[in-house]
Each structure stands twice: as C-alpha cells, then as structure tokens.
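S.K.: Starting off with a structure, shown below.
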Amino acid sequence: MKKSTMQTIQKWGNSLAVRIPGAIARTAHFEVGQTVAVSLQGDAVVLKPTGLQKLTLAQKLAKFDPSIHGGESMATTAIGAEVI
C-alpha cells in the first residue's frame, strides 16, 4: 500500500484542512467521528488516535454486516425454555 500521497490544503471555516485518503484512513483504523491528537514532531504533522470511538447501539447495529461476520444472526424464535 502506498503510504504517502500529495494533497492540497483547503480552507475549512477559519481553519485549514487536508483529506485523508481512504486507504490510509483504513490502515490507520481511523473512523468518522473519531478524535485524534494533532502534533508537530520536527517539521512533520502527526495524527494519533486518542482512544476508541464510543459507538451507540444504533451505530453498532448499522455497522453490522452478516456477510462480514460469518452470517451470524439473532434468534427470533425460541430454541429452548428462553422467552423471546
């Protein structure tokens, strides 16, 4: 995977912004809404995740894909003595 790319700095409100290419974001495990620490190390700008993103139940269910998760599903009919 290519670990660098050329990007153009854009204006975003009163700040500047650079898009993170999808392949790099996936490799870095960045997610939409995740917080990152932005720092300078010498002349390099470094982004580091500050922790795991806290997902709501609705967000977790929206991300669930049975084809990725081995076809798992929730039981909707009683198998034993449980109450559904």
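Ordered as shown in the structure tokens, chains take letters A, B, and onward, while each chain numbers its residues from 1 and ligands are numbered from 1 in the order shown.
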Excluding segment 18-24 of chain A and its own-chain neighbours fewer than 5 positions away, which residues fall within 8 Å of it when counting only C-alpha atoms? Please give them as a PyMOL selection string.
M.R.: chain A and resi 1+3+7-10
S.K.: So how far away is atom CA of Thr35 of chain A from atom CA of Leu55 of chain A, in Å?
M.R.: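 These atoms are spaced 12.7 Å apart.
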S.K.: For each of A:Phe64, A:Ala81, A:Thr50, A:Ala25, take the minimum atom-to-atom distance to Ala37 of chain A, counting only C-alpha atoms, then give the residue where this is smallest.
M.R.: A:Thr50
S.K.: Might you pull out every residue within 10 Å of Lys54 of chain A, with only C-alpha atoms counted and same-chain residues fewer than 6 positions away left off, and present them as an NGL selection string?
M.R.: :A and (33-34 or 60)
S.K.: Which residues in chain A does DSSP call alpha helix (DSSP H)? List them as a PyMOL selection string.
M.R.: chain A and resi 22-27+57-63
S.K.: Keeping N, CA and C atoms, export the residues of the selection given above as a PDB file, in the first residue's frame.
M.R.:
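This is the output file part-v1.pdb:
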```
ATOM      1  N   GLY A  22      -8.784   7.290   1.713  1.00  0.00           N
ATOM      2  CA  GLY A  22      -9.442   6.132   2.303  1.00  0.00           C
ATOM      3  C   GLY A  22      -8.501   4.998   2.659  1.00  0.00           C
ATOM      4  N   ALA A  23      -7.564   4.662   1.784  1.00  0.00           N
ATOM      5  CA  ALA A  23      -6.645   3.548   2.051  1.00  0.00           C
ATOM      6  C   ALA A  23      -5.786   3.832   3.277  1.00  0.00           C
ATOM      7  N   ILE A  24      -5.344   5.060   3.419  1.00  0.00           N
ATOM      8  CA  ILE A  24      -4.526   5.431   4.584  1.00  0.00           C
ATOM      9  C   ILE A  24      -5.388   5.436   5.834  1.00  0.00           C
ATOM     10  N   ALA A  25      -6.609   5.978   5.747  1.00  0.00           N
ATOM     11  CA  ALA A  25      -7.515   6.005   6.900  1.00  0.00           C
ATOM     12  C   ALA A  25      -7.837   4.590   7.374  1.00  0.00           C
ATOM     13  N   ARG A  26      -8.089   3.673   6.438  1.00  0.00           N
ATOM     14  CA  ARG A  26      -8.384   2.287   6.820  1.00  0.00           C
ATOM     15  C   ARG A  26      -7.179   1.632   7.489  1.00  0.00           C
ATOM     16  N   THR A  27      -6.002   1.838   6.929  1.00  0.00           N
ATOM     17  CA  THR A  27      -4.789   1.250   7.503  1.00  0.00           C
ATOM     18  C   THR A  27      -4.526   1.793   8.906  1.00  0.00           C
ATOM     19  N   LEU A  57     -25.666   2.024  20.345  1.00  0.00           N
ATOM     20  CA  LEU A  57     -26.203   0.752  19.866  1.00  0.00           C
ATOM     21  C   LEU A  57     -26.669   0.877  18.419  1.00  0.00           C
ATOM     22  N   ALA A  58     -27.318   1.982  18.095  1.00  0.00           N
ATOM     23  CA  ALA A  58     -27.792   2.194  16.718  1.00  0.00           C
ATOM     24  C   ALA A  58     -26.618   2.200  15.733  1.00  0.00           C
ATOM     25  N   GLN A  59     -25.490   2.826  16.120  1.00  0.00           N
ATOM     26  CA  GLN A  59     -24.315   2.856  15.242  1.00  0.00           C
ATOM     27  C   GLN A  59     -23.728   1.456  15.089  1.00  0.00           C
ATOM     28  N   LYS A  60     -23.685   0.698  16.176  1.00  0.00           N
ATOM     29  CA  LYS A  60     -23.158  -0.670  16.103  1.00  0.00           C
ATOM     30  C   LYS A  60     -24.027  -1.538  15.193  1.00  0.00           C
ATOM     31  N   LEU A  61     -25.345  -1.418  15.340  1.00  0.00           N
ATOM     32  CA  LEU A  61     -26.244  -2.209  14.500  1.00  0.00           C
ATOM     33  C   LEU A  61     -26.145  -1.792  13.039  1.00  0.00           C
ATOM     34  N   ALA A  62     -25.941  -0.495  12.783  1.00  0.00           N
ATOM     35  CA  ALA A  62     -25.810  -0.019  11.410  1.00  0.00           C
ATOM     36  C   ALA A  62     -24.539  -0.562  10.760  1.00  0.00           C
ATOM     37  N   LYS A  63     -23.485  -0.788  11.557  1.00  0.00           N
ATOM     38  CA  LYS A  63     -22.226  -1.298  11.017  1.00  0.00           C
ATOM     39  C   LYS A  63     -22.231  -2.812  10.836  1.00  0.00           C
TER      40      LYS A  63
END
```
S.K.: Out of A:Leu16, A:Gly51, A:Val46, A:Glu82, which residue has the shortest atom-to-atom distance to Glu31 of chain A when counting only C-alpha atoms?
M.R.: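 Closest to Glu31 of chain A of all the choices is A:Gly51.
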S.K.: For Leu47 of chain A, which residue out of A:Ile68, A:Thr5, A:Ala17, A:Ala28 is the nearest one, using only C-alpha atoms?
M.R.: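 Distance minimum relative to Leu47 of chain A lands on A:Ala28.
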S.K.: Return as an NGL selection string the full set of residues in chain A whose backbone-based DSSP assignment is strand (DSSP E).
M.R.: :A and (10-12 or 15-17 or 36-41 or 44-49)
S.K.: Put those residues in a file: N, CA and C atoms, as an mmCIF file, in the first residue's frame.
M.R.:
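And here is the file that came out, result-v2.cif:
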```
data_model
loop_
_atom_site.group_PDB
_atom_site.id
_atom_site.type_symbol
_atom_site.label_atom_id
_atom_site.label_comp_id
_atom_site.auth_asym_id
_atom_site.auth_seq_id
_atom_site.Cartn_x
_atom_site.Cartn_y
_atom_site.Cartn_z
ATOM 1 N N GLN A 10 -6.851 22.858 1.995
ATOM 2 C CA GLN A 10 -8.079 23.581 1.684
ATOM 3 C C GLN A 10 -8.476 24.442 2.882
ATOM 4 N N LYS A 11 -9.236 25.486 2.632
ATOM 5 C CA LYS A 11 -9.780 26.300 3.713
ATOM 6 C C LYS A 11 -11.071 25.648 4.182
ATOM 7 N N TRP A 12 -11.256 25.543 5.498
ATOM 8 C CA TRP A 12 -12.458 24.975 6.083
ATOM 9 C C TRP A 12 -12.837 25.858 7.265
ATOM 10 N N SER A 15 -10.177 27.491 9.611
ATOM 11 C CA SER A 15 -9.057 26.560 9.726
ATOM 12 C C SER A 15 -8.625 26.080 8.351
ATOM 13 N N LEU A 16 -7.593 25.253 8.344
ATOM 14 C CA LEU A 16 -7.130 24.598 7.125
ATOM 15 C C LEU A 16 -7.395 23.107 7.258
ATOM 16 N N ALA A 17 -7.603 22.432 6.143
ATOM 17 C CA ALA A 17 -7.924 21.003 6.178
ATOM 18 C C ALA A 17 -7.224 20.260 5.055
ATOM 19 N N VAL A 36 -8.684 12.617 17.273
ATOM 20 C CA VAL A 36 -7.255 12.405 17.084
ATOM 21 C C VAL A 36 -6.488 13.568 17.708
ATOM 22 N N ALA A 37 -5.279 13.291 18.135
ATOM 23 C CA ALA A 37 -4.379 14.328 18.618
ATOM 24 C C ALA A 37 -3.525 14.769 17.437
ATOM 25 N N VAL A 38 -3.428 16.075 17.227
ATOM 26 C CA VAL A 38 -2.616 16.632 16.148
ATOM 27 C C VAL A 38 -1.410 17.291 16.796
ATOM 28 N N SER A 39 -0.204 16.889 16.382
ATOM 29 C CA SER A 39 1.004 17.459 16.977
ATOM 30 C C SER A 39 2.080 17.644 15.912
ATOM 31 N N LEU A 40 3.087 18.412 16.270
ATOM 32 C CA LEU A 40 4.254 18.597 15.413
ATOM 33 C C LEU A 40 5.413 17.807 15.983
ATOM 34 N N GLN A 41 6.076 17.047 15.136
ATOM 35 C CA GLN A 41 7.302 16.345 15.514
ATOM 36 C C GLN A 41 8.344 16.754 14.498
ATOM 37 N N ALA A 44 7.174 17.562 10.815
ATOM 38 C CA ALA A 44 6.086 16.681 10.402
ATOM 39 C C ALA A 44 4.851 16.891 11.284
ATOM 40 N N VAL A 45 3.686 16.885 10.659
ATOM 41 C CA VAL A 45 2.419 16.918 11.384
ATOM 42 C C VAL A 45 2.001 15.467 11.617
ATOM 43 N N VAL A 46 1.694 15.122 12.866
ATOM 44 C CA VAL A 46 1.382 13.744 13.222
ATOM 45 C C VAL A 46 -0.034 13.672 13.791
ATOM 46 N N LEU A 47 -0.826 12.712 13.299
ATOM 47 C CA LEU A 47 -2.175 12.444 13.812
ATOM 48 C C LEU A 47 -2.141 11.128 14.561
ATOM 49 N N LYS A 48 -2.630 11.124 15.809
ATOM 50 C CA LYS A 48 -2.699 9.887 16.588
ATOM 51 C C LYS A 48 -4.092 9.747 17.177
ATOM 52 N N PRO A 49 -4.693 8.566 17.091
ATOM 53 C CA PRO A 49 -6.000 8.364 17.720
ATOM 54 C C PRO A 49 -5.878 8.569 19.225
#
```
